[in-house]
Amino acid sequence: SVLCQTVFLSEAAVCRRIADTVFCGSVLGQPGIRPGVPGHLESMVWAEGRNRTKFVFGKNKTVLVTLLGTGIRTIGVMGCGRGVGTSHLAVALANYLTGVKRKKTALLEWNSHDDFQILERFAGKNGRREAAGQKKTERSRNKSDRFRIMEVDYYKMADPAVLSHCLSRDYHYIIMDYGEATEENLYECARCDRKILVGSLSEWKVEAFLEILEQTERRDKSWRMAVVAGGEDTRKEIESMFRCRLQRIPASVDAFRITQEEILCFETLLFAK
């Protein structure tokens, strides 16, 4: 019986590692390539979502929708152009989930803007540094590239190794700040449980928003469109043109102080069906 128990625990541990690998592959891997999984573990890893196909951006994609057994939900935030408040919204959502919903949350900088480095210095976080001559392991790198502000864990310049690390932790939510939308990261963002496109309806920025809406015309219900600035007539006209709902984000001067108006908005943005 002791031997059987040992074998069972070992197999479960292997399963968890394979599940993490499969999930990371679904985030950044080729959509048409399915990772090899041993036959006796396949049902445990893929479960019911194994062959679930979504029609995203006019192409068939077989994706693993959620990671079995973790309960972690991923949220992708992406801006339709620069300077539309993507990172501001991502930080505000993270503070809403931790401060209001009391859910442990990680925020990953999934872009090359290096804004989190500036945020870390501004907040007076020194960051952890390796001792001289000490080899920087993957685990120590994940720790050194992380800092915490008001219960939210921020990961600078995150990559698949950091994502895998977060998936093995006890987070409830992982928010991924993709920065400016491109064709490549649109497909990556499509693999998150909730996808949020942030756009501006200002006359000099609305064109970029309209271009992304055209590219994502066949999006599913897990996508949310959030807008800042611009008039109500413009918002209603775009809603009618693209048959979608544009959620207006309340004006926010502080991403670390969540107002009652923002709470109502984020409740709809994240949890409305």
# chains A, B, ... in the order shown; residues from 1 in each chain; ligands from 1
$ select_by_dssp --residues "range 73-235 of chain A" --states "strand (DSSP E)" --output "JSON, numbers by chain"
{"A": [73, 74, 75, 76, 77, 78, 79, 105, 106, 107, 108, 109, 146, 147, 148, 149, 152, 153, 154, 155, 173, 174, 175, 176, 177, 178, 179, 180, 194, 195, 196, 197, 198, 199, 200, 223, 224, 225, 226, 227, 228]}
$ closest_atom_pairs --of "range 138-183 of chain A" --to "range 212-217 of chain A" --cutoff "9 Å" --atoms "only C-alpha atoms" --output "JSON lines"
{"residue": "A:Ala181", "atom": "CA", "partner": "A:Ile212", "partner_atom": "CA", "distance": 7.9}
{"residue": "A:Thr182", "atom": "CA", "partner": "A:Ile212", "partner_atom": "CA", "distance": 8.8}
{"residue": "A:Glu183", "atom": "CA", "partner": "A:Gln215", "partner_atom": "CA", "distance": 8.7}
$ atom_distance --atom1 "CA of Lys156 in chain A" --atom2 "CA of Val227 in chain A"
25.8 Å
$ closest_residue --among "A:Arg73, A:Lys104, A:Arg191, A:Arg169" --to "Glu151 in chain A" --atoms "only C-alpha atoms"
A:Lys104
$ select_by_dssp --residues "range 138-209 of chain A" --states "helix (DSSP H, G or I)" --output "PyMOL selection string"
chain A and resi 138-144+160-167+183-189+206-209
$ residues_around --residues "range 265-269 of chain A" --least-positions-apart "3" --cutoff "12 Å" --atoms "only C-alpha atoms" --output "count of residues only"
39
$ closest_residue --among "A:Gly83, A:Glu203, A:Gly71, A:Leu270" --to "Ser168 in chain A" --atoms "only C-alpha atoms"
A:Gly71
$ atom_distance --atom1 "CA of Lys236 in chain A" --atom2 "CA of Arg257 in chain A"
29.3 Å
$ atom_distance --atom1 "CA of Pro160 in chain A" --atom2 "CA of Phe116 in chain A"
17.4 Å
$ residues_around --residues "range 229-232 of chain A" --least-positions-apart "4" --cutoff "7 Å" --atoms "only C-alpha atoms" --output "list in words"
Ser200, Leu201, Ser202 and Lys236 of chain A
$ write_last_selection --atoms "N, CA, C and O atoms" --output "PDB file, in the first residue's frame"
ATOM      1  N   SER A 200      -9.561  54.427 -27.086  1.00  0.00           N
ATOM      2  CA  SER A 200      -9.961  55.812 -26.863  1.00  0.00           C
ATOM      3  C   SER A 200     -10.850  56.260 -28.013  1.00  0.00           C
ATOM      4  O   SER A 200     -10.594  55.929 -29.173  1.00  0.00           O
ATOM      5  N   LEU A 201     -11.887  57.016 -27.686  1.00  0.00           N
ATOM      6  CA  LEU A 201     -12.788  57.534 -28.707  1.00  0.00           C
ATOM      7  C   LEU A 201     -12.444  58.965 -29.090  1.00  0.00           C
ATOM      8  O   LEU A 201     -13.220  59.623 -29.793  1.00  0.00           O
ATOM      9  N   SER A 202     -11.297  59.439 -28.624  1.00  0.00           N
ATOM     10  CA  SER A 202     -10.827  60.751 -29.068  1.00  0.00           C
ATOM     11  C   SER A 202     -10.588  60.727 -30.571  1.00  0.00           C
ATOM     12  O   SER A 202     -10.166  59.709 -31.121  1.00  0.00           O
ATOM     13  N   LYS A 236     -22.119  55.318 -29.216  1.00  0.00           N
ATOM     14  CA  LYS A 236     -23.329  54.649 -29.681  1.00  0.00           C
ATOM     15  C   LYS A 236     -23.244  54.287 -31.163  1.00  0.00           C
ATOM     16  O   LYS A 236     -23.727  53.237 -31.590  1.00  0.00           O
TER      17      LYS A 236
END
